[in-house]
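This is start-v6.txt (compact mmCIF, C-alpha atoms and all ligand atoms).
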# COMPACT_ATOMS: atom_id res chain seq x y z
CA MET I 28 -2.78 26.01 14.92
CA ASP I 29 -0.38 24.91 12.20
CA ASP I 30 -1.32 24.68 8.52
CA ASP I 31 -2.29 21.02 8.75
CA ALA I 32 -4.64 21.61 11.66
CA VAL I 33 -6.36 24.48 9.82
CA THR I 34 -6.76 22.35 6.70
CA ILE I 35 -8.11 19.39 8.67
CA ASP I 36 -10.71 21.67 10.27
CA ARG I 37 -11.82 22.78 6.82
CA VAL I 38 -12.11 19.21 5.53
CA LEU I 39 -14.08 18.08 8.57
CA GLY I 40 -16.25 21.17 8.17
CA GLY I 41 -17.35 19.86 4.76
CA ASP I 42 -14.78 21.37 2.38
CA SER I 43 -13.46 18.05 1.08
CA ASP I 44 -11.44 19.73 -1.69
CA ALA I 45 -9.24 21.29 0.99
CA PHE I 46 -7.84 17.80 1.51
CA ARG I 47 -5.81 18.58 -1.60
CA PHE I 48 -3.48 20.79 0.47
CA LEU I 49 -2.62 17.86 2.72
CA VAL I 50 -1.81 15.78 -0.37
CA GLU I 51 0.39 18.59 -1.71
CA ARG I 52 2.23 19.02 1.58
CA HIS I 53 2.86 15.34 2.33
CA GLY I 54 2.51 13.42 -0.97
CA ARG I 55 6.20 13.28 -1.81
CA ALA I 56 7.31 12.25 1.67
CA VAL I 57 4.68 9.50 1.77
CA PHE I 58 5.85 8.24 -1.63
CA ARG I 59 9.48 8.16 -0.50
CA LEU I 60 8.57 6.18 2.59
CA ALA I 61 6.30 3.84 0.62
CA TYR I 62 8.99 3.25 -1.98
CA ARG I 63 11.60 2.43 0.62
CA LEU I 64 9.26 -0.02 2.26
CA THR I 65 7.88 -1.74 -0.85
CA ARG I 66 10.92 -1.39 -3.17
CA SER I 67 8.57 -0.91 -6.12
CA GLN I 68 7.39 2.29 -7.74
CA GLN I 69 4.03 0.81 -8.67
CA ASP I 70 3.43 -0.56 -5.19
CA ALA I 71 4.53 2.76 -3.71
CA ASP I 72 2.00 4.57 -5.91
CA ASP I 73 -0.71 2.21 -4.65
CA VAL I 74 0.35 2.81 -1.06
CA VAL I 75 0.27 6.60 -1.52
CA GLN I 76 -3.23 6.41 -2.97
CA GLU I 77 -4.49 4.10 -0.26
CA THR I 78 -2.82 6.13 2.50
CA PHE I 79 -4.55 9.37 1.57
CA LEU I 80 -7.83 7.58 0.99
CA ARG I 81 -7.65 5.95 4.44
CA ALA I 82 -6.51 9.23 5.99
CA TYR I 83 -9.50 11.01 4.49
CA ARG I 84 -11.95 8.41 5.67
CA HIS I 85 -10.49 8.18 9.15
CA LEU I 86 -9.93 11.91 9.55
CA PRO I 87 -12.66 12.28 12.21
CA SER I 88 -10.67 9.93 14.44
CA PHE I 89 -7.43 11.92 14.07
CA ASP I 90 -6.33 13.40 17.38
CA ALA I 91 -5.74 17.08 16.61
CA ARG I 92 -3.11 17.37 19.36
CA SER I 93 -0.75 14.98 17.58
CA SER I 94 1.29 15.45 14.44
CA PHE I 95 -0.58 14.85 11.19
CA SER I 96 2.54 13.68 9.38
CA THR I 97 3.30 11.06 12.04
CA TRP I 98 -0.29 9.86 11.82
CA LEU I 99 -0.06 9.77 8.02
CA PHE I 100 3.22 7.84 8.18
CA ARG I 101 1.59 5.33 10.47
CA ILE I 102 -1.19 4.77 7.93
CA ALA I 103 1.34 4.58 5.09
CA THR I 104 3.44 2.10 7.02
CA ASN I 105 0.39 -0.07 7.70
CA SER I 106 -0.72 0.09 4.06
CA ALA I 107 2.77 -0.84 2.90
CA CYS I 108 2.94 -3.70 5.39
CA ASP I 109 -0.42 -5.04 4.16
CA LEU I 110 0.84 -4.90 0.62
CA MET I 111 4.18 -6.48 1.49
CA ARG I 112 2.43 -9.34 3.26
CA ARG I 113 0.45 -10.00 0.12
CA SER I 114 3.38 -9.88 -2.26
CA MET I 115 6.37 -10.92 -0.15
CA ARG I 116 6.23 -14.58 -1.14
CA HIS I 117 6.12 -13.67 -4.77
CA ARG I 118 9.13 -11.35 -4.43
CA THR I 119 11.25 -13.93 -2.67
CA GLU I 120 10.96 -16.19 -5.70
CA GLU I 121 12.06 -13.43 -8.05
CA LEU I 122 15.01 -12.65 -5.83
CA ASP I 123 16.47 -16.12 -6.07
CA GLU I 124 16.87 -15.53 -9.77
CA MET I 125 18.86 -12.32 -9.28
CA SER I 126 22.59 -12.57 -9.82
CA GLU I 127 25.10 -12.03 -7.05
CA PRO I 128 26.35 -8.45 -6.78
CA VAL I 129 29.57 -7.98 -8.72
CA VAL I 130 32.45 -6.27 -6.96
CA SER I 131 34.61 -4.31 -9.36
CA ASP I 132 37.21 -1.57 -9.27
CA GLY I 133 35.36 0.58 -11.79
CA ASP I 134 33.23 3.19 -10.07
CA PRO I 135 29.98 2.90 -12.12
CA ALA I 136 30.01 -0.90 -11.92
CA MET I 137 30.71 -0.60 -8.21
CA ARG I 138 27.66 1.60 -7.77
CA ILE I 139 25.47 -0.83 -9.68
CA GLY I 140 26.86 -3.65 -7.58
CA PHE I 141 26.11 -1.70 -4.44
CA ARG I 142 22.56 -0.84 -5.48
CA ALA I 143 21.84 -4.46 -6.33
CA ALA I 144 23.35 -5.54 -3.04
CA LEU I 145 21.26 -3.03 -1.10
CA GLU I 146 18.18 -4.28 -2.94
CA ARG I 147 19.05 -7.86 -1.98
CA GLY I 148 19.76 -6.86 1.57
CA MET I 149 16.45 -5.01 1.93
CA GLU I 150 14.57 -7.97 0.49
CA ARG I 151 16.11 -10.23 3.13
CA LEU I 152 14.54 -8.22 5.94
CA THR I 153 11.24 -9.21 7.45
CA GLY I 154 8.45 -6.66 7.22
CA SER I 155 9.01 -5.33 10.74
CA GLU I 156 12.80 -5.21 10.36
CA ARG I 157 12.55 -3.30 7.11
CA THR I 158 9.96 -0.92 8.48
CA ALA I 159 11.87 -0.19 11.67
CA PHE I 160 15.11 0.31 9.74
CA VAL I 161 13.57 2.59 7.10
CA LEU I 162 11.87 4.74 9.72
CA ARG I 163 15.08 5.03 11.77
CA HIS I 164 17.74 5.27 9.07
CA PHE I 165 15.97 7.21 6.31
CA GLU I 166 13.21 9.05 8.12
CA GLY I 167 15.23 9.82 11.23
CA MET I 168 12.48 8.81 13.65
CA SER I 169 13.45 7.96 17.22
CA ILE I 170 13.03 4.44 18.57
CA ASP I 171 10.08 5.70 20.65
CA GLU I 172 8.36 7.25 17.65
CA ILE I 173 8.84 4.06 15.63
CA SER I 174 7.43 2.00 18.48
CA ALA I 175 4.38 4.25 18.47
CA VAL I 176 3.95 3.86 14.71
CA LEU I 177 4.37 0.08 14.78
CA GLY I 178 2.56 -0.43 18.07
CA THR I 179 5.52 -2.42 19.43
CA GLU I 180 7.53 -2.36 22.66
CA THR I 181 10.71 -0.28 22.59
CA SER I 182 12.84 -3.38 23.09
CA ALA I 183 11.22 -5.09 20.10
CA THR I 184 11.85 -2.01 17.94
CA LYS I 185 15.50 -1.91 18.98
CA GLN I 186 15.82 -5.60 18.15
CA ALA I 187 14.23 -5.05 14.74
CA VAL I 188 16.59 -2.16 13.90
CA PHE I 189 19.60 -4.15 15.05
CA ARG I 190 18.64 -7.29 13.14
CA ALA I 191 18.05 -5.21 10.01
CA VAL I 192 21.48 -3.59 10.27
CA ARG I 193 23.17 -6.95 10.81
CA LYS I 194 21.48 -8.50 7.76
CA LEU I 195 22.28 -5.48 5.59
CA ARG I 196 25.91 -5.48 6.68
CA GLN I 197 26.30 -9.13 5.73
CA VAL I 198 25.56 -8.11 2.16
CA LEU I 199 27.07 -4.62 2.07
CA ASP I 200 30.24 -4.82 4.15
CA PRO I 201 32.24 -6.81 1.57
CA LEU I 202 31.49 -4.05 -0.95
CA VAL I 203 32.27 -1.22 1.47
CA ARG I 204 35.61 -2.87 2.31
CA ALA I 205 36.39 -3.20 -1.42
CA THR I 206 36.22 0.56 -1.99
CA MET E 29 35.66 -4.98 30.76
CA SER E 30 34.37 -6.69 27.63
CA HIS E 31 33.95 -4.91 24.29
CA LEU E 32 30.71 -3.35 23.12
CA THR E 33 28.36 -5.77 21.42
CA GLU E 34 27.34 -5.12 17.83
CA GLU E 35 23.84 -4.31 19.08
CA GLN E 36 25.17 -1.68 21.50
CA GLN E 37 27.23 -0.15 18.69
CA VAL E 38 24.27 -0.03 16.33
CA LEU E 39 21.87 1.46 18.86
CA ALA E 40 24.45 4.02 20.01
CA HIS E 41 24.95 5.05 16.40
CA TYR E 42 21.20 5.62 16.14
CA GLY E 43 21.16 7.90 19.15
CA GLU E 44 20.28 5.53 21.99
CA PRO E 45 22.18 6.56 25.15
CA LEU E 46 25.03 4.31 26.33
CA ASP E 47 25.91 3.67 29.99
CA ASP E 48 28.76 5.85 31.29
CA ALA E 49 30.94 2.76 31.66
CA LEU E 50 30.43 1.85 28.01
CA VAL E 51 31.15 5.41 26.89
CA ALA E 52 34.39 5.34 28.89
CA HIS E 53 35.30 1.95 27.39
CA LEU E 54 34.66 3.19 23.86
CA GLU E 55 36.99 6.16 24.47
CA SER E 56 39.82 3.93 25.61
CA CYS E 57 39.44 0.80 23.46
CA GLU E 58 40.99 0.88 20.03
CA GLN E 59 39.16 -2.22 18.77
CA CYS E 60 35.72 -0.86 19.73
CA ARG E 61 36.51 2.44 18.04
CA ARG E 62 37.59 0.57 14.91
CA ASP E 63 34.35 -1.45 14.98
CA ARG E 64 32.40 1.76 15.37
CA ASP E 65 34.16 3.41 12.42
CA THR E 66 33.45 0.39 10.20
CA LEU E 67 29.81 0.47 11.23
CA VAL E 68 29.53 4.19 10.54
CA ALA E 69 31.11 3.73 7.09
CA SER E 70 28.73 0.87 6.25
CA LEU E 71 25.63 2.74 7.32
CA ALA E 72 26.73 5.96 5.65
CA ALA E 73 26.91 4.05 2.37
CA ILE E 74 23.22 3.15 2.62
CA GLU E 75 21.56 5.84 0.57
CA ASP E 76 18.33 5.35 -1.25
CA PRO E 77 17.14 8.38 -3.17
CA GLY E 78 14.41 6.34 -4.90
CA PRO E 79 12.99 7.12 -8.34
CA GLU E 80 12.70 10.66 -9.70
CA LEU E 81 9.14 11.93 -9.41
CA PRO E 82 7.50 14.29 -11.91
CA HIS E 83 7.30 17.92 -10.75
CA ASP E 84 3.50 17.73 -10.60
CA TYR E 85 3.46 14.45 -8.68
CA GLU E 86 1.27 15.81 -5.88
CA GLN E 87 -1.30 17.07 -8.41
CA GLN E 88 -1.40 13.66 -10.06
CA VAL E 89 -2.04 11.99 -6.70
CA TRP E 90 -4.82 14.43 -5.93
CA HIS E 91 -6.32 14.01 -9.39
CA ARG E 92 -6.65 10.24 -8.92
CA LEU E 93 -7.72 10.64 -5.32
CA HIS E 94 -10.51 13.17 -5.68
CA TRP E 95 -12.36 10.78 -7.97
CA GLN E 96 -12.41 8.26 -5.19
CA LEU E 97 -13.31 10.88 -2.58
CA ARG E 98 -16.37 11.92 -4.53
CA ARG E 99 -17.82 8.50 -3.74
CA ASP E 100 -17.76 9.36 -0.07
CA ALA E 101 -20.17 11.91 1.27
CA ARG E 102 -17.89 12.40 4.27
CA PRO E 103 -14.91 10.72 5.86
CA ASN E 104 -15.88 7.26 7.05
CA ARG E 105 -14.30 4.54 9.12
CA HIS E 106 -14.81 1.54 6.84
CA TRP E 107 -13.92 1.94 3.18
CA TRP E 108 -15.35 -1.36 2.11
CA LEU E 109 -18.68 -0.83 3.78
CA ALA E 110 -18.77 2.72 2.44
CA SER E 111 -18.08 1.45 -1.04
CA ALA E 112 -20.68 -1.30 -0.73
CA ALA E 113 -23.22 1.14 0.67
CA ALA E 114 -22.63 3.57 -2.19
CA SER E 115 -23.15 0.74 -4.66
CA ALA E 116 -26.30 -0.41 -2.90
CA LEU E 117 -27.72 3.10 -3.06
CA LEU E 118 -26.94 3.28 -6.74
CA LEU E 119 -28.57 -0.09 -7.28
CA VAL E 120 -31.71 1.13 -5.56
CA ALA E 121 -31.63 4.31 -7.64
CA VAL E 122 -31.19 2.41 -10.90
CA GLY E 123 -34.00 0.02 -10.00
CA PHE E 124 -36.21 2.94 -9.01
CA LEU E 125 -35.63 4.82 -12.26
CA ALA E 126 -36.11 1.70 -14.36
CA GLY E 127 -39.31 0.92 -12.49
CA ARG E 128 -40.64 4.44 -12.95
CA GLY E 129 -39.86 4.39 -16.66
CA SER E 130 -41.88 1.26 -17.22
CA ARG E 131 -44.99 2.63 -15.58
CA PRO E 132 -47.48 3.61 -18.33
CA ASN E 133 -48.67 6.81 -16.64
CA ASP E 134 -45.21 8.07 -15.76
CA PRO E 135 -44.76 11.63 -16.98
CA VAL E 136 -40.99 11.16 -17.46
CA PRO E 137 -40.20 9.98 -21.00
CA THR E 138 -39.29 6.29 -20.86
CA VAL E 139 -36.31 6.68 -23.15
CA ARG E 140 -34.41 8.85 -20.68
CA HIS E 141 -34.35 6.32 -17.89
CA ALA E 142 -35.36 2.86 -18.94
CA GLN E 143 -33.44 2.19 -22.11
CA PRO E 144 -32.71 -1.54 -22.12
CA ALA E 145 -29.13 -2.24 -21.09
CA ALA E 146 -28.28 -4.09 -24.27
CA GLU E 147 -29.15 -1.12 -26.48
CA ARG E 148 -27.00 1.39 -24.65
CA PRO E 149 -23.67 2.32 -26.19
CA PRO E 150 -20.86 0.45 -24.38
CA ASP E 151 -19.27 3.61 -22.97
CA ALA E 152 -22.48 4.51 -21.18
CA THR E 153 -22.70 1.14 -19.43
CA LEU E 154 -21.06 1.72 -16.08
CA ASP E 155 -21.52 5.05 -14.45
CA ALA E 156 -18.23 6.83 -13.68
CA VAL E 157 -18.67 6.47 -9.95
CA MET E 158 -19.42 2.78 -10.23
CA THR E 159 -16.55 2.26 -12.62
CA SER E 160 -14.12 3.42 -10.00
CA ALA E 161 -15.76 1.30 -7.26
CA VAL E 162 -15.79 -1.79 -9.48
CA THR E 163 -12.24 -1.09 -10.64
CA GLU E 164 -11.13 -1.08 -7.03
CA GLN E 165 -12.98 -4.36 -6.40
CA VAL E 166 -11.46 -6.02 -9.45
CA GLY E 167 -7.96 -4.73 -8.60
CA ARG E 168 -8.13 -5.98 -5.03
CA SER E 169 -9.46 -9.36 -6.14
CA GLU E 170 -6.67 -9.66 -8.67
CA ARG E 171 -4.03 -8.96 -5.99
CA LEU E 172 -5.57 -11.45 -3.61
CA LEU E 173 -5.68 -14.23 -6.20
CA THR E 174 -2.11 -13.47 -7.31
CA SER E 175 -0.93 -13.66 -3.74
CA LEU E 176 -2.75 -16.98 -3.25
CA SER E 177 -1.43 -18.56 -6.38
CA ASN E 178 2.10 -17.70 -5.25
CA LEU E 179 1.73 -19.43 -1.89
CA SER E 180 3.89 -22.47 -1.35
CA PRO E 181 2.49 -25.45 0.62
CA ASP E 182 4.53 -24.75 3.76
CA GLU E 183 2.93 -21.34 4.22
CA SER E 184 -0.12 -21.96 6.29
CA ASP E 185 -0.79 -18.46 7.64
CA LEU E 186 -3.61 -17.10 5.51
CA GLU E 187 -4.94 -14.56 8.01
CA ALA E 188 -4.23 -11.48 5.85
CA GLU E 189 -5.76 -13.17 2.81
CA ARG E 190 -8.76 -14.33 4.81
CA LEU E 191 -9.55 -10.80 6.04
CA THR E 192 -9.19 -9.36 2.55
CA ALA E 193 -11.49 -12.05 1.14
CA GLU E 194 -14.06 -11.34 3.83
CA ARG E 195 -14.19 -7.65 2.91
CA LEU E 196 -14.25 -8.34 -0.81
CA LEU E 197 -17.10 -10.78 -0.35
CA VAL E 198 -19.29 -8.09 1.22
CA SER E 199 -18.89 -5.78 -1.74
CA ASN E 200 -18.64 -8.44 -4.46
CA ARG E 201 -22.33 -9.32 -4.49
CA ILE E 202 -23.39 -5.70 -4.72
CA HIS E 203 -20.90 -4.80 -7.43
CA ARG E 204 -21.97 -7.85 -9.40
CA ALA E 205 -25.64 -6.87 -9.19
CA VAL E 206 -24.87 -3.30 -10.23
CA ALA E 207 -22.71 -4.43 -13.14
CA ARG E 208 -25.52 -6.69 -14.38
CA GLU E 209 -28.13 -3.99 -13.85
CA GLN E 210 -26.06 -1.46 -15.78
CA GLY E 211 -25.39 -3.68 -18.77
CA ALA E 212 -21.85 -4.85 -18.12
CA PRO E 213 -22.48 -8.62 -18.20
CA GLU E 214 -18.82 -9.55 -18.69
CA VAL E 215 -17.88 -7.79 -15.44
CA ALA E 216 -20.84 -9.39 -13.62
CA ALA E 217 -19.90 -12.84 -14.94
CA LEU E 218 -16.31 -12.52 -13.75
CA LEU E 219 -17.33 -11.31 -10.28
CA ASP E 220 -19.72 -14.26 -10.22
CA GLU E 221 -16.88 -16.63 -11.11
CA ILE E 222 -14.56 -15.44 -8.33
CA GLU E 223 -17.19 -15.43 -5.61
CA PRO E 224 -16.90 -19.13 -4.64
CA ILE E 225 -13.14 -18.64 -4.30
CA LEU E 226 -13.56 -15.59 -2.07
CA LEU E 227 -16.06 -17.58 -0.03
CA GLU E 228 -13.65 -20.48 0.41
CA ILE E 229 -10.81 -18.20 1.52
CA ALA E 230 -13.04 -16.17 3.82
CA HIS E 231 -14.16 -19.38 5.52
CA SER E 232 -10.73 -21.00 5.64
CA GLY E 233 -10.58 -20.43 9.41
CA SER E 234 -7.23 -21.69 10.63
CA GLY E 235 -5.87 -21.97 7.07
CA LEU E 236 -5.83 -24.48 4.24
CA ASP E 237 -4.02 -27.81 4.23
CA ASP E 238 -1.73 -28.76 1.33
CA SER E 239 -4.36 -30.47 -0.79
CA GLU E 240 -6.96 -27.73 -0.25
CA LEU E 241 -4.44 -25.08 -1.24
CA ASP E 242 -3.44 -27.16 -4.26
CA ALA E 243 -7.05 -27.48 -5.38
CA LEU E 244 -7.67 -23.77 -4.92
CA GLN E 245 -4.58 -22.78 -6.91
CA GLU E 246 -5.59 -25.25 -9.61
CA ARG E 247 -9.04 -23.64 -9.87
CA ILE E 248 -7.54 -20.14 -10.13
CA GLU E 249 -5.06 -21.31 -12.74
CA SER E 250 -7.28 -23.50 -14.92
CA ARG E 251 -9.88 -20.79 -15.39
CA GLY E 252 -7.33 -18.08 -16.10
CA LEU E 253 -8.97 -15.94 -13.42
CA ILE E 254 -6.00 -13.67 -12.78
CA PHE E 255 -5.63 -12.95 -16.48
CA LYS E 256 -9.36 -12.22 -16.82
CA LEU E 257 -9.28 -9.89 -13.82
CA ARG E 258 -6.32 -8.01 -15.33
CA VAL E 259 -8.09 -7.60 -18.67
CA ILE E 260 -11.28 -6.30 -17.04
CA SER E 261 -9.25 -4.08 -14.76
CA SER E 262 -7.37 -2.42 -17.60
CA THR E 263 -10.60 -2.00 -19.59
CA LEU E 264 -12.27 -0.32 -16.62
CA GLU E 265 -9.24 1.87 -16.00
CA SER E 266 -9.10 3.08 -19.59
CA LYS E 267 -12.83 3.85 -19.39
CA SER E 268 -12.45 5.93 -16.29
CA SER E 269 -9.39 7.76 -17.64
CA LYS E 270 -11.36 8.66 -20.79
CA ARG E 271 -14.00 10.23 -18.60
CA ARG E 272 -11.61 12.29 -16.51
CA PRO E 273 -11.29 15.29 -18.89
CA SER E 274 -15.08 15.75 -18.84
CA SER E 275 -15.33 16.09 -15.07
CA PRO E 276 -17.24 19.17 -13.97
CA PRO E 277 -15.14 22.35 -13.53
CA ALA E 278 -16.01 22.61 -9.85
CA THR E 279 -14.02 19.50 -9.02
CA ARG E 280 -11.08 20.17 -11.31
CA LEU E 281 -7.85 21.83 -10.27
ZN ZN N 301 36.43 -2.62 23.36

Would you write the structure of this file as structure tokens?
Amino acid sequence: MDDDAVTIDRVLGGDSDAFRFLVERHGRAVFRLAYRLTRSQQDADDVVQETFLRAYRHLPSFDARSSFSTWLFRIATNSACDLMRRSMRHRTEELDEMSEPVVSDGDPAMRIGFRAALERGMERLTGSERTAFVLRHFEGMSIDEISAVLGTETSATKQAVFRAVRKLRQVLDPLVRAT
Amino acid sequence: MSHLTEEQQVLAHYGEPLDDALVAHLESCEQCRRDRDTLVASLAAIEDPGPELPHDYEQQVWHRLHWQLRRDARPNRHWWLASAAASALLLVAVGFLAGRGSRPNDPVPTVRHAQPAAERPPDATLDAVMTSAVTEQVGRSERLLTSLSNLSPDESDLEAERLTAERLLVSNRIHRAVAREQGAPEVAALLDEIEPILLEIAHSGSGLDDSELDALQERIESRGLIFKLRVISSTLESKSSKRRPSSPPATRL
């Protein structure tokens, strides 16, 4: 058994403080995923908290043959999607007030322009597009793994990744070409 | 044969296998190779390191978390029912102790259990466990109301909000009773004030029409409910953070 499986056995056996080791092993990765999905540090903190809380409460239903981190990512992705659904409308309004990214020759300004553009691009994605893209591009999951996390058909996942890339490129390509 | 589509290029870049014919085409077609190189350059530029986290980030997460876990005897499938059940138990316990204290022949000194709520010092009002349960309730209600007040009339899909309201409604009544019982009337009054709104959302069925949504947003706005929830929420949070250092050694790290 790997470390996670041993720890999970301890928690289910009544040693709830052992859950701490799972938080220590996976906390940072869950935050990174949550941040990329929600684009907000505060929201990502909420997602991390909720993810571990849900994981703890649902631990008896975890299938010990599967990977704990994949299971945890699935919970985190769901928590982030819930949160995005609640706040997406609000965010869209804020976005309209953001200025267009500025293309400039200077390197620092270019970077700021690129970051702002990426932010805009990510905000344009629907929840499923953003999630599929983040899991594929940043987390390196395969299309099959993402489909399992999202509970979607492979073809739908491929579509979501592709649509995400196309939307991001509309915003980013002019800047990439300018460098 | 025709060039690769953008979708084929993207999926190939992300490791999806291409047909042999497409692979052969890509090898021989200058335009497709150029498209591929542009795509690779664009995607390579997408980096997102995110914010710097403190070195003890994991410990901070665990510190916040283990307070919440202490509410649960064991892992459970439904957080909201678990939270409501914990509150209900506490309510029963509080009622039991208060009842015992008022009995004339009770050997337990009255002052230890049945001090009237109003005379207790404010910091002793909500028990630490309840504070965290009520804080969660207030925080979730605040998010729900914020989300609702940001809806525009053309957005008719309220399913996520309806489900959240349903869950909050289950626990709202219990938290309100506990808050009142434990001498936190301002918290009880606010939970009382938001209940009709939760009820309306929970029963919205297929959604709200323009005028219903308008009326609901007007009610949230005119009573300053979101602001009140934020004030109560930050008060509760500062209370629970004051208590943290005095947690028993067994649960500290
Ligand atoms: Zn070609």

Computed interatomic separation between atom CA of E:Glu34 and atom CA of I:Asp171 (Å):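 Straight-line distance from atom CA of E:Glu34 to atom CA of I:Asp171 works out to 20.6 Å.
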
Test item: residues lying within 10 Å of ligand ZN 301 (chain N) with all atoms listed in the file, as a PyMOL selection string: chain E and resi 29-33+50+52-64

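Minimum atom-to-atom distance to chain E, evaluated using only C-alpha atoms, belongs to I:Gly54 out of I:Gly140, I:Gly54, I:Gly148, I:Gly167.
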
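Counting from atom CA of I:Arg59, the distance to atom CA of I:Gln186 is 24.0 Å.
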
Separation of atom CA of E:His94 from atom CA of E:Ile222 in Å: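 Taking atom CA of E:Ile222 and atom CA of E:His94, their separation equals 29.0 Å.
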
Please report as a PDB file with C-alpha atoms, keeping the file's coordinate frame which residues of chain E come no farther than 8 Å from chain I, using all atoms listed in the file.
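iface.pdb was written with the following content:
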ATOM      1  CA  GLU E  35      23.840  -4.310  19.080  1.00  0.00           C
ATOM      2  CA  VAL E  38      24.270  -0.030  16.330  1.00  0.00           C
ATOM      3  CA  LEU E  39      21.870   1.460  18.860  1.00  0.00           C
ATOM      4  CA  TYR E  42      21.200   5.620  16.140  1.00  0.00           C
ATOM      5  CA  GLY E  43      21.160   7.900  19.150  1.00  0.00           C
ATOM      6  CA  ALA E  69      31.110   3.730   7.090  1.00  0.00           C
ATOM      7  CA  SER E  70      28.730   0.870   6.250  1.00  0.00           C
ATOM      8  CA  ALA E  73      26.910   4.050   2.370  1.00  0.00           C
ATOM      9  CA  ILE E  74      23.220   3.150   2.620  1.00  0.00           C
ATOM     10  CA  ASP E  76      18.330   5.350  -1.250  1.00  0.00           C
ATOM     11  CA  GLY E  78      14.410   6.340  -4.900  1.00  0.00           C
ATOM     12  CA  PRO E  79      12.990   7.120  -8.340  1.00  0.00           C
ATOM     13  CA  TYR E  85       3.460  14.450  -8.680  1.00  0.00           C
ATOM     14  CA  GLU E  86       1.270  15.810  -5.880  1.00  0.00           C
ATOM     15  CA  GLN E  87      -1.300  17.070  -8.410  1.00  0.00           C
ATOM     16  CA  VAL E  89      -2.040  11.990  -6.700  1.00  0.00           C
ATOM     17  CA  TRP E  90      -4.820  14.430  -5.930  1.00  0.00           C
ATOM     18  CA  ARG E  92      -6.650  10.240  -8.920  1.00  0.00           C
ATOM     19  CA  LEU E  93      -7.720  10.640  -5.320  1.00  0.00           C
ATOM     20  CA  HIS E  94     -10.510  13.170  -5.680  1.00  0.00           C
ATOM     21  CA  GLN E  96     -12.410   8.260  -5.190  1.00  0.00           C
ATOM     22  CA  LEU E  97     -13.310  10.880  -2.580  1.00  0.00           C
ATOM     23  CA  ARG E 102     -17.890  12.400   4.270  1.00  0.00           C
ATOM     24  CA  PRO E 103     -14.910  10.720   5.860  1.00  0.00           C
ATOM     25  CA  ASN E 104     -15.880   7.260   7.050  1.00  0.00           C
ATOM     26  CA  ARG E 105     -14.300   4.540   9.120  1.00  0.00           C
ATOM     27  CA  HIS E 106     -14.810   1.540   6.840  1.00  0.00           C
ATOM     28  CA  TRP E 107     -13.920   1.940   3.180  1.00  0.00           C
ATOM     29  CA  ARG E 171      -4.030  -8.960  -5.990  1.00  0.00           C
ATOM     30  CA  LEU E 172      -5.570 -11.450  -3.610  1.00  0.00           C
ATOM     31  CA  SER E 175      -0.930 -13.660  -3.740  1.00  0.00           C
ATOM     32  CA  ASN E 178       2.100 -17.700  -5.250  1.00  0.00           C
ATOM     33  CA  LEU E 179       1.730 -19.430  -1.890  1.00  0.00           C
ATOM     34  CA  ALA E 188      -4.230 -11.480   5.850  1.00  0.00           C
ATOM     35  CA  GLU E 189      -5.760 -13.170   2.810  1.00  0.00           C
ATOM     36  CA  THR E 279     -14.020  19.500  -9.020  1.00  0.00           C
TER      37      THR E 279
END

Selection: 9 Å around E:Leu197, only C-alpha atoms, excl. self and same-chain fewer than 6 positions, as a ChimeraX atom specification: /E:223,226-227,230

Emit the selected residues as a short mmCIF file (atom, residue, chain, number, x, y, z; two decimals), keeping the file's coordinate frame, including C-alpha atoms.
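This went into out.cif:
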data_model
loop_
_atom_site.label_atom_id
_atom_site.label_comp_id
_atom_site.auth_asym_id
_atom_site.auth_seq_id
_atom_site.Cartn_x
_atom_site.Cartn_y
_atom_site.Cartn_z
CA GLU E 223 -17.19 -15.43 -5.61
CA LEU E 226 -13.56 -15.59 -2.07
CA LEU E 227 -16.06 -17.58 -0.03
CA ALA E 230 -13.04 -16.17 3.82
#

Minimum-distance residue to I:Val176, chosen among I:Ala159, I:Ala143, I:Asp73, I:Ala107 (using only C-alpha atoms):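 Answer, going by the shortest atom-to-atom distance: I:Ala159.
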
Distance query 10 Å from (11.4, -9.6, 6.6) using only C-alpha atoms, result as a count of residues only: 15

From I:Asp36, I:Ala61, I:Ala205, I:Arg101, residue lying nearest I:Glu172 [all atoms listed in the file]: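 Checking each candidate against I:Glu172, we get I:Arg101 as the closest.
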